[in-house]
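> I have a structure I would like to understand better, so I am pasting it below and will then ask my questions one at a time.
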Amino acid sequence: MQRYVVASVAEIPPGTHKVFTVAGRPIGIFNLEGEYYGLLNRCPHQGGSLCDGLITGLAVGDRPGEFRMIRKGEMIRCPWHGWEFDIRTGQSWCEPAKIRARTYPTEITAGTEVVRGPYVAETVAVKVEEKYVVVEF
Amino acid sequence: MSRYPGAIDCDIHPTVPGVGVLLPYMDDYWQEAFVSRGIDGLEMASYPPGAPISCRADWRPAKGRPAADSATIVRQSLDVMGTAFAICNPLTGGQVAVSESMGAAVCQAVNDWITKEFLDKDARFRSSIIVPPQSPELAVEEIERRAPDRRFVQVMIPVAVEMMLGRRYYWPLLAACEKHGLPLGLHAGSLHRYPTTSNGWSSHYIQDYVSHSQTFEDQLLSLIHEGAFVKFPGLRVVLIESGVSWLPGFLWRAIKTWRGVRAEVPYVKRSPAEIVREHVRLTAQPFDAPDAQAVTRIVEMIDSDAMLLFATDYPHWQFDGDRAVPDGLPAPFLAKMLIDNPLATYPRLKENPHEPHART
C-alpha cells in the first residue's frame, strides 16, 4: 500500500470534483460536503470517462407518476450510456450486486504530517500549514 | 393417436359467420340498426377472409365460412391435436366499431354466441371475453357480466387501440382484469384509428403484417413505463399471435435503455426484462424463425421456460399437417409450453367451471 498526496483541500471546494493522475491512474476526487471520495475515471461498463458525467441525485418513486429527487449531488451518470453510480461507494444503481465503479479510500492529512513521510507527492508542493487529500492504494 | 395429447391451445379462432348469428343476442334497437343499415361482414382488415393466411386450404369449406361451428373445429383441430382445452379468440370487426355503444353491443352478442355455440357444445372449449377497447367503461361492464362464468379465462382486445395502453385511461380495464384473475390478451390487429406503421399508412399488406410486432413492442413499453405493472402487480398480459423471435432483441434494447434513462420512470425499479418475464406471456404461433437451430438459440436468449404458450392459431395457415410447434424446442421446454404454462397463465383452467367458486 502506498499513500499518494493528490491535492490540497483548497483545490477541491465542497460540491466540486477534479480528476488527477495518481501513479498513472486517472482518479476523480469528489468533495461531498467536506468529505472526499476517490473514483477511478473509468466506467466499469465500457470504460467511459465516468467522472466527466452528470453529477445528480437519485430519482425515486414508488407509484406511477411519483417523481422525487433525493441525495442531491451524490450520484454520477456515465456520459456514455447513462449508468448511475453512487459517488461514495461506486455501486451501480442498475446492477448493484454485480457492477461497481472502482473507488479509492481518501483521507485528509495535515501538511506537517505529510512532510514527515512516507508519502508520495509527485506533483504537489506540500506546505506545512495546508491540509492535503491523500489517496491510498 | 393425437399429436399433442393434453395440450392447451391458447389461440383458436371461431369465425362469426355474419351478423345474422349475432342478432338473436341483440336488443330490438341494435337488431333493427344492423338490419336496416345493412351492416354485415364484420371481418377485421388484418385477416381478409379470402387471404391464404386467414384459413388453411384443407380447412376451408366448399362454401360458407371456415371454423364457424364447434363440430368443425373439434374435427379439424381439437381431435387431431389432442387438445384438452382450446381458448376461443373470435376476431370480429364489430369489436372495433367507431361507436362505443355499437362496439359494446357486438361484443356482448359475440360473447353470448360463443357461450351457446361453443362453450355449451363441448367441454374442451374456453373463451376470451371480447370487450370494446374504445370504451374502458363499457369494457369493464362486459367483464363484470362475463367473469362469473369461469369458462371465460381471459379478456381480449386488439393490440393497436386508440392510445398507448399503459395510459391511465385504460387503468379501469386493467384493474378489472387483475380483480378477476383474467389475463389481458392482446391479439394481433388494429382498431385502425391510426396508420398501421409508426411512420404512416403502408401501401401493402406485407408491410402491415411484418411491422405489426412493433405495435406489440409499443404497447409493452407503454404498460411497463407508465407503471401499469407497478399499479397492478397481479396483471398478466398475453401477446397473441405476435410472433416470438422479435422478443430477445427487444428485451436487450429495453434493458440497455432503461439502465441509461430509468430516472425518467423511477417507479420502474426492476429491469424491463424481469418485468416481462413475470407478467407477460406469448402464444407460440407463429414462432417466426427459420429452422431448429435458430429456434433453440432464440429460446435460450429469452431465458425463461415459462413464457411461451402452445397455440395452433387455427384456422389461420401457420403450419401444415399436425406439426403445430417448431423443431428445436428442448423437450422439457415443450412440455411446459403445451400444458404447464397455459395452466399457470389461465388459473381458471384448473377449476371445474360448474362448481361454485368463492371468487367472482
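Ligands are numbered from 1 in the order shown, chains are lettered A, B, ... in the order of the C-alpha cells, and residues start at 1 in each chain.
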Could you tell me, as a list in words, which residues of chain A DSSP assigns to helix (DSSP H, G or I) when given the backbone?
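Reading the DSSP output for chain A, helix (DSSP H, G or I) covers Val9, Ala10, Glu11, Leu50, Cys51, Asp52, Gly111, Thr112, Glu113 and Val114 of chain A.
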> Quick check: residues of chain B within 6 Å of chain A, only C-alpha atoms, returned as a list in words.
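In the required form, that comes to Gly227, Arg259, Gly260, Ala263, Pro266 and Tyr267 of chain B.
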> Step one, run DSSP on the backbone; step two, keep only residues of chain A assigned to strand (DSSP E or B); then write them as an mmCIF file with N, CA and C atoms, in the first residue's frame.

```
data_model
loop_
_atom_site.group_PDB
_atom_site.id
_atom_site.type_symbol
_atom_site.label_atom_id
_atom_site.label_comp_id
_atom_site.auth_asym_id
_atom_site.auth_seq_id
_atom_site.Cartn_x
_atom_site.Cartn_y
_atom_site.Cartn_z
ATOM 1 N N ARG A 3 0.704 5.617 -0.109
ATOM 2 C CA ARG A 3 -0.158 6.785 0.096
ATOM 3 C C ARG A 3 0.325 7.912 -0.810
ATOM 4 N N TYR A 4 -0.622 8.421 -1.575
ATOM 5 C CA TYR A 4 -0.282 9.463 -2.547
ATOM 6 C C TYR A 4 -0.937 10.787 -2.149
ATOM 7 N N VAL A 5 -0.142 11.815 -2.130
ATOM 8 C CA VAL A 5 -0.699 13.147 -1.884
ATOM 9 C C VAL A 5 -1.226 13.662 -3.231
ATOM 10 N N VAL A 6 -2.510 13.953 -3.273
ATOM 11 C CA VAL A 6 -3.131 14.275 -4.559
ATOM 12 C C VAL A 6 -3.298 15.775 -4.756
ATOM 13 N N ALA A 7 -3.749 16.470 -3.730
ATOM 14 C CA ALA A 7 -4.046 17.890 -3.886
ATOM 15 C C ALA A 7 -4.231 18.503 -2.509
ATOM 16 N N SER A 8 -4.145 19.790 -2.470
ATOM 17 C CA SER A 8 -4.515 20.473 -1.239
ATOM 18 C C SER A 8 -6.042 20.538 -1.190
ATOM 19 N N HIS A 17 -15.462 18.514 -8.031
ATOM 20 C CA HIS A 17 -14.537 17.386 -8.136
ATOM 21 C C HIS A 17 -13.496 17.706 -9.193
ATOM 22 N N LYS A 18 -12.434 16.948 -9.159
ATOM 23 C CA LYS A 18 -11.340 17.186 -10.080
ATOM 24 C C LYS A 18 -10.640 15.850 -10.325
ATOM 25 N N VAL A 19 -10.197 15.667 -11.561
ATOM 26 C CA VAL A 19 -9.525 14.407 -11.889
ATOM 27 C C VAL A 19 -8.020 14.611 -11.841
ATOM 28 N N PHE A 20 -7.332 13.719 -11.153
ATOM 29 C CA PHE A 20 -5.872 13.762 -11.037
ATOM 30 C C PHE A 20 -5.298 12.463 -11.585
ATOM 31 N N THR A 21 -4.056 12.543 -12.048
ATOM 32 C CA THR A 21 -3.369 11.310 -12.411
ATOM 33 C C THR A 21 -2.482 10.910 -11.242
ATOM 34 N N VAL A 22 -2.823 9.770 -10.670
ATOM 35 C CA VAL A 22 -2.104 9.313 -9.485
ATOM 36 C C VAL A 22 -1.423 8.001 -9.834
ATOM 37 N N ARG A 25 -2.788 6.542 -12.800
ATOM 38 C CA ARG A 25 -4.236 6.260 -12.891
ATOM 39 C C ARG A 25 -5.055 7.543 -12.815
ATOM 40 N N PRO A 26 -6.051 7.656 -13.677
ATOM 41 C CA PRO A 26 -6.928 8.832 -13.590
ATOM 42 C C PRO A 26 -7.952 8.630 -12.468
ATOM 43 N N ILE A 27 -7.846 9.466 -11.459
ATOM 44 C CA ILE A 27 -8.756 9.308 -10.314
ATOM 45 C C ILE A 27 -9.456 10.630 -10.050
ATOM 46 N N GLY A 28 -10.800 10.561 -9.991
ATOM 47 C CA GLY A 28 -11.573 11.751 -9.663
ATOM 48 C C GLY A 28 -11.711 11.859 -8.158
ATOM 49 N N ILE A 29 -11.412 13.055 -7.630
ATOM 50 C CA ILE A 29 -11.612 13.288 -6.198
ATOM 51 C C ILE A 29 -12.824 14.200 -6.046
ATOM 52 N N PHE A 30 -13.816 13.725 -5.300
ATOM 53 C CA PHE A 30 -15.077 14.443 -5.129
ATOM 54 C C PHE A 30 -15.176 14.959 -3.694
ATOM 55 N N ASN A 31 -15.592 16.189 -3.577
ATOM 56 C CA ASN A 31 -15.827 16.761 -2.250
ATOM 57 C C ASN A 31 -17.332 16.851 -2.018
ATOM 58 N N LEU A 32 -17.855 15.918 -1.211
ATOM 59 C CA LEU A 32 -19.278 15.954 -0.869
ATOM 60 C C LEU A 32 -19.397 16.520 0.534
ATOM 61 N N GLU A 35 -16.492 15.886 2.770
ATOM 62 C CA GLU A 35 -15.919 14.535 2.764
ATOM 63 C C GLU A 35 -15.423 14.231 1.350
ATOM 64 N N TYR A 36 -14.278 13.596 1.288
ATOM 65 C CA TYR A 36 -13.627 13.390 -0.010
ATOM 66 C C TYR A 36 -13.729 11.915 -0.419
ATOM 67 N N TYR A 37 -14.068 11.705 -1.701
ATOM 68 C CA TYR A 37 -14.204 10.347 -2.231
ATOM 69 C C TYR A 37 -13.434 10.224 -3.537
ATOM 70 N N GLY A 38 -12.728 9.112 -3.690
ATOM 71 C CA GLY A 38 -11.945 8.889 -4.907
ATOM 72 C C GLY A 38 -12.620 7.848 -5.796
ATOM 73 N N LEU A 39 -12.738 8.157 -7.102
ATOM 74 C CA LEU A 39 -13.418 7.260 -8.050
ATOM 75 C C LEU A 39 -12.544 7.155 -9.303
ATOM 76 N N LEU A 40 -12.264 5.942 -9.722
ATOM 77 C CA LEU A 40 -11.496 5.772 -10.958
ATOM 78 C C LEU A 40 -12.287 6.382 -12.119
ATOM 79 N N LEU A 54 -22.686 13.577 -15.631
ATOM 80 C CA LEU A 54 -23.561 14.494 -14.895
ATOM 81 C C LEU A 54 -23.597 14.094 -13.426
ATOM 82 N N ILE A 55 -23.338 15.087 -12.570
ATOM 83 C CA ILE A 55 -23.481 14.829 -11.135
ATOM 84 C C ILE A 55 -24.902 15.194 -10.759
ATOM 85 N N THR A 56 -25.567 14.240 -10.137
ATOM 86 C CA THR A 56 -27.006 14.405 -9.953
ATOM 87 C C THR A 56 -27.433 13.737 -8.645
ATOM 88 N N GLY A 57 -28.730 13.644 -8.456
ATOM 89 C CA GLY A 57 -29.248 12.941 -7.290
ATOM 90 C C GLY A 57 -29.817 11.606 -7.717
ATOM 91 N N LEU A 58 -30.583 11.011 -6.810
ATOM 92 C CA LEU A 58 -31.193 9.729 -7.114
ATOM 93 C C LEU A 58 -32.689 9.961 -7.329
ATOM 94 N N ALA A 59 -33.152 9.654 -8.547
ATOM 95 C CA ALA A 59 -34.579 9.793 -8.840
ATOM 96 C C ALA A 59 -35.298 8.575 -8.267
ATOM 97 N N VAL A 60 -36.328 8.824 -7.461
ATOM 98 C CA VAL A 60 -37.073 7.716 -6.867
ATOM 99 C C VAL A 60 -38.573 7.957 -7.006
ATOM 100 N N ARG A 68 -39.476 11.902 -7.308
ATOM 101 C CA ARG A 68 -38.765 12.670 -6.277
ATOM 102 C C ARG A 68 -37.270 12.558 -6.520
ATOM 103 N N MET A 69 -36.557 13.609 -6.149
ATOM 104 C CA MET A 69 -35.097 13.581 -6.249
ATOM 105 C C MET A 69 -34.534 13.624 -4.836
ATOM 106 N N ILE A 70 -33.782 12.611 -4.497
ATOM 107 C CA ILE A 70 -33.166 12.574 -3.170
ATOM 108 C C ILE A 70 -31.652 12.495 -3.340
ATOM 109 N N ARG A 71 -30.917 12.662 -2.264
ATOM 110 C CA ARG A 71 -29.456 12.535 -2.246
ATOM 111 C C ARG A 71 -28.813 13.362 -3.375
ATOM 112 N N LYS A 72 -29.228 14.608 -3.431
ATOM 113 C CA LYS A 72 -28.741 15.503 -4.490
ATOM 114 C C LYS A 72 -27.215 15.597 -4.474
ATOM 115 N N GLY A 73 -26.623 15.470 -5.629
ATOM 116 C CA GLY A 73 -25.171 15.631 -5.736
ATOM 117 C C GLY A 73 -24.372 14.388 -5.384
ATOM 118 N N GLU A 74 -25.055 13.288 -5.059
ATOM 119 C CA GLU A 74 -24.323 12.101 -4.593
ATOM 120 C C GLU A 74 -24.210 11.006 -5.649
ATOM 121 N N MET A 75 -24.832 11.250 -6.811
ATOM 122 C CA MET A 75 -24.775 10.234 -7.873
ATOM 123 C C MET A 75 -24.094 10.825 -9.110
ATOM 124 N N ILE A 76 -23.488 9.944 -9.890
ATOM 125 C CA ILE A 76 -22.897 10.398 -11.144
ATOM 126 C C ILE A 76 -23.349 9.468 -12.256
ATOM 127 N N ARG A 77 -23.653 10.064 -13.425
ATOM 128 C CA ARG A 77 -24.094 9.247 -14.573
ATOM 129 C C ARG A 77 -22.998 9.235 -15.614
ATOM 130 N N GLU A 84 -25.873 4.929 -13.686
ATOM 131 C CA GLU A 84 -25.756 5.748 -12.480
ATOM 132 C C GLU A 84 -24.904 5.035 -11.433
ATOM 133 N N PHE A 85 -24.025 5.808 -10.807
ATOM 134 C CA PHE A 85 -23.161 5.260 -9.752
ATOM 135 C C PHE A 85 -23.217 6.151 -8.525
ATOM 136 N N ASP A 86 -23.149 5.494 -7.374
ATOM 137 C CA ASP A 86 -23.076 6.193 -6.096
ATOM 138 C C ASP A 86 -21.635 6.665 -5.911
ATOM 139 N N GLN A 91 -21.105 1.975 -6.191
ATOM 140 C CA GLN A 91 -22.127 0.984 -6.535
ATOM 141 C C GLN A 91 -23.015 1.488 -7.681
ATOM 142 N N SER A 92 -23.274 0.599 -8.647
ATOM 143 C CA SER A 92 -24.171 0.989 -9.738
ATOM 144 C C SER A 92 -25.611 0.860 -9.273
ATOM 145 N N ARG A 100 -19.778 -2.338 -9.951
ATOM 146 C CA ARG A 100 -19.471 -1.120 -9.214
ATOM 147 C C ARG A 100 -18.237 -0.472 -9.804
ATOM 148 N N THR A 103 -13.382 2.392 -6.439
ATOM 149 C CA THR A 103 -13.240 3.538 -5.531
ATOM 150 C C THR A 103 -11.878 3.489 -4.856
ATOM 151 N N TYR A 104 -11.440 4.636 -4.374
ATOM 152 C CA TYR A 104 -10.166 4.714 -3.649
ATOM 153 C C TYR A 104 -10.405 5.423 -2.326
ATOM 154 N N THR A 106 -9.849 7.790 0.663
ATOM 155 C CA THR A 106 -9.088 9.040 0.781
ATOM 156 C C THR A 106 -9.070 9.459 2.243
ATOM 157 N N GLU A 107 -8.110 10.264 2.573
ATOM 158 C CA GLU A 107 -8.132 10.888 3.894
ATOM 159 C C GLU A 107 -7.504 12.260 3.799
ATOM 160 N N ILE A 108 -7.789 13.058 4.779
ATOM 161 C CA ILE A 108 -7.227 14.412 4.840
ATOM 162 C C ILE A 108 -6.077 14.373 5.839
ATOM 163 N N THR A 109 -4.944 14.818 5.375
ATOM 164 C CA THR A 109 -3.755 14.762 6.222
ATOM 165 C C THR A 109 -3.124 16.155 6.295
ATOM 166 N N ALA A 110 -2.691 16.527 7.477
ATOM 167 C CA ALA A 110 -2.071 17.843 7.652
ATOM 168 C C ALA A 110 -0.704 17.872 6.985
ATOM 169 N N VAL A 120 3.949 9.824 -1.159
ATOM 170 C CA VAL A 120 4.407 10.175 -2.500
ATOM 171 C C VAL A 120 3.667 11.447 -2.904
ATOM 172 N N LYS A 131 -3.688 21.543 4.418
ATOM 173 C CA LYS A 131 -4.165 20.164 4.573
ATOM 174 C C LYS A 131 -4.244 19.524 3.182
ATOM 175 N N TYR A 132 -4.060 18.216 3.100
ATOM 176 C CA TYR A 132 -3.962 17.554 1.812
ATOM 177 C C TYR A 132 -4.885 16.354 1.724
ATOM 178 N N VAL A 133 -5.340 16.126 0.494
ATOM 179 C CA VAL A 133 -6.121 14.918 0.216
ATOM 180 C C VAL A 133 -5.132 13.816 -0.145
ATOM 181 N N VAL A 134 -5.213 12.727 0.582
ATOM 182 C CA VAL A 134 -4.290 11.615 0.379
ATOM 183 C C VAL A 134 -5.085 10.388 -0.070
ATOM 184 N N VAL A 135 -4.606 9.736 -1.105
ATOM 185 C CA VAL A 135 -5.256 8.532 -1.618
ATOM 186 C C VAL A 135 -4.327 7.353 -1.367
ATOM 187 N N GLU A 136 -4.948 6.232 -1.002
ATOM 188 C CA GLU A 136 -4.125 5.079 -0.659
ATOM 189 C C GLU A 136 -4.487 3.896 -1.569
#
```
> Give the answer as one residue: which of A:Pro118, A:Ala10, A:Val124, A:Gln2 has the shortest atom-to-atom distance to Gly34 of chain A, using only C-alpha atoms?
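Closest candidate: A:Ala10.
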> Between B:Ala176, B:Leu22, B:Val237, B:Val265, single out the one closest to Thr115 of chain B, counting only C-alpha atoms.
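Checking each of B:Ala176, B:Leu22, B:Val237, B:Val265 against Thr115 of chain B, counting only C-alpha atoms, the winner is B:Leu22.
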> Pick the closest to Arg146 of chain B from B:Ser101, B:Ser198, B:Thr15, B:Ser128: which is it, counting only C-alpha atoms?
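Smallest separation from Arg146 of chain B among the options: B:Ser128.
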> What gap, in Å, lies between atom CA of Val115 of chain A and atom CA of Val128 of chain A?
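Interatomic distance here is 7.1 Å.
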> Rounded to one decimal, what separation in Å do you get between atom CA of Leu191 of chain B and atom CA of Asp288 of chain B?
24.1 Å
> So, with only C-alpha atoms as the atoms that count, which of B:Tyr314, B:Phe250, B:Trp171, B:Tyr209 lies closest to Val276 of chain B?
B:Phe250
> Quick one: distance from atom CA of Val299 of chain B to atom CA of Phe229 of chain B in Å, one decimal?
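Rounded to one decimal, the two atoms are 24.1 Å apart.
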> I want to know what sits within 9 Å of His180 of chain B, based on only C-alpha atoms, with residues of the same chain fewer than 2 positions away left out; could you give that as a ChimeraX atom specification?
/B:143-144,147-148,175-178,182-183,359-360
> Choose the residue, out of B:Asn352, B:Thr283, B:Thr92, B:Ser304, that has the smallest atom-to-atom separation from Ser46 of chain B; count only C-alpha atoms.
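Among B:Asn352, B:Thr283, B:Thr92, B:Ser304, it is B:Thr92 that comes nearest to Ser46 of chain B.
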> Counting only C-alpha atoms, what is within 6 Å of Leu309 of chain B, bar same-chain residues fewer than 4 positions away, as a list in words?
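Residues near the query, excluding close chain neighbours: Leu282, Thr283, Ala284, Met337 and Pro342 of chain B.
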> Considering only C-alpha atoms, return as a list in words whatever protein or nucleic-acid residues lie within 10 Å of Val16 of chain B, sequence-local ones (same chain, fewer than 5 positions apart) excluded.
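Near Val16 of chain B, the qualifying residues are Val21, Leu22, Gly41, Leu42, Glu43, Arg65, Pro66, Ala67, Ala68, Asp69, Pro90, Leu91, Thr92, Gly93, Val110, Trp113 and Ile114 of chain B.
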> Save out the residues we just selected, C-alpha atoms, as an mmCIF file, in the first residue's frame.

```
data_model
loop_
_atom_site.group_PDB
_atom_site.id
_atom_site.type_symbol
_atom_site.label_atom_id
_atom_site.label_comp_id
_atom_site.auth_asym_id
_atom_site.auth_seq_id
_atom_site.Cartn_x
_atom_site.Cartn_y
_atom_site.Cartn_z
ATOM 1 C CA VAL B 21 -75.954 -15.197 -35.918
ATOM 2 C CA LEU B 22 -75.494 -12.298 -33.517
ATOM 3 C CA GLY B 41 -69.360 -8.822 -42.866
ATOM 4 C CA LEU B 42 -67.650 -7.716 -39.693
ATOM 5 C CA GLU B 43 -64.252 -9.002 -40.788
ATOM 6 C CA ARG B 65 -67.215 -19.557 -43.609
ATOM 7 C CA PRO B 66 -64.444 -21.694 -42.102
ATOM 8 C CA ALA B 67 -64.309 -22.573 -38.414
ATOM 9 C CA ALA B 68 -67.838 -21.309 -37.916
ATOM 10 C CA ASP B 69 -69.178 -24.156 -35.779
ATOM 11 C CA PRO B 90 -63.191 -14.707 -32.041
ATOM 12 C CA LEU B 91 -61.916 -11.879 -34.207
ATOM 13 C CA THR B 92 -64.685 -9.615 -35.270
ATOM 14 C CA GLY B 93 -64.615 -6.190 -36.746
ATOM 15 C CA VAL B 110 -70.340 -12.400 -29.614
ATOM 16 C CA TRP B 113 -72.903 -16.590 -29.196
ATOM 17 C CA ILE B 114 -69.601 -18.147 -28.099
#
```
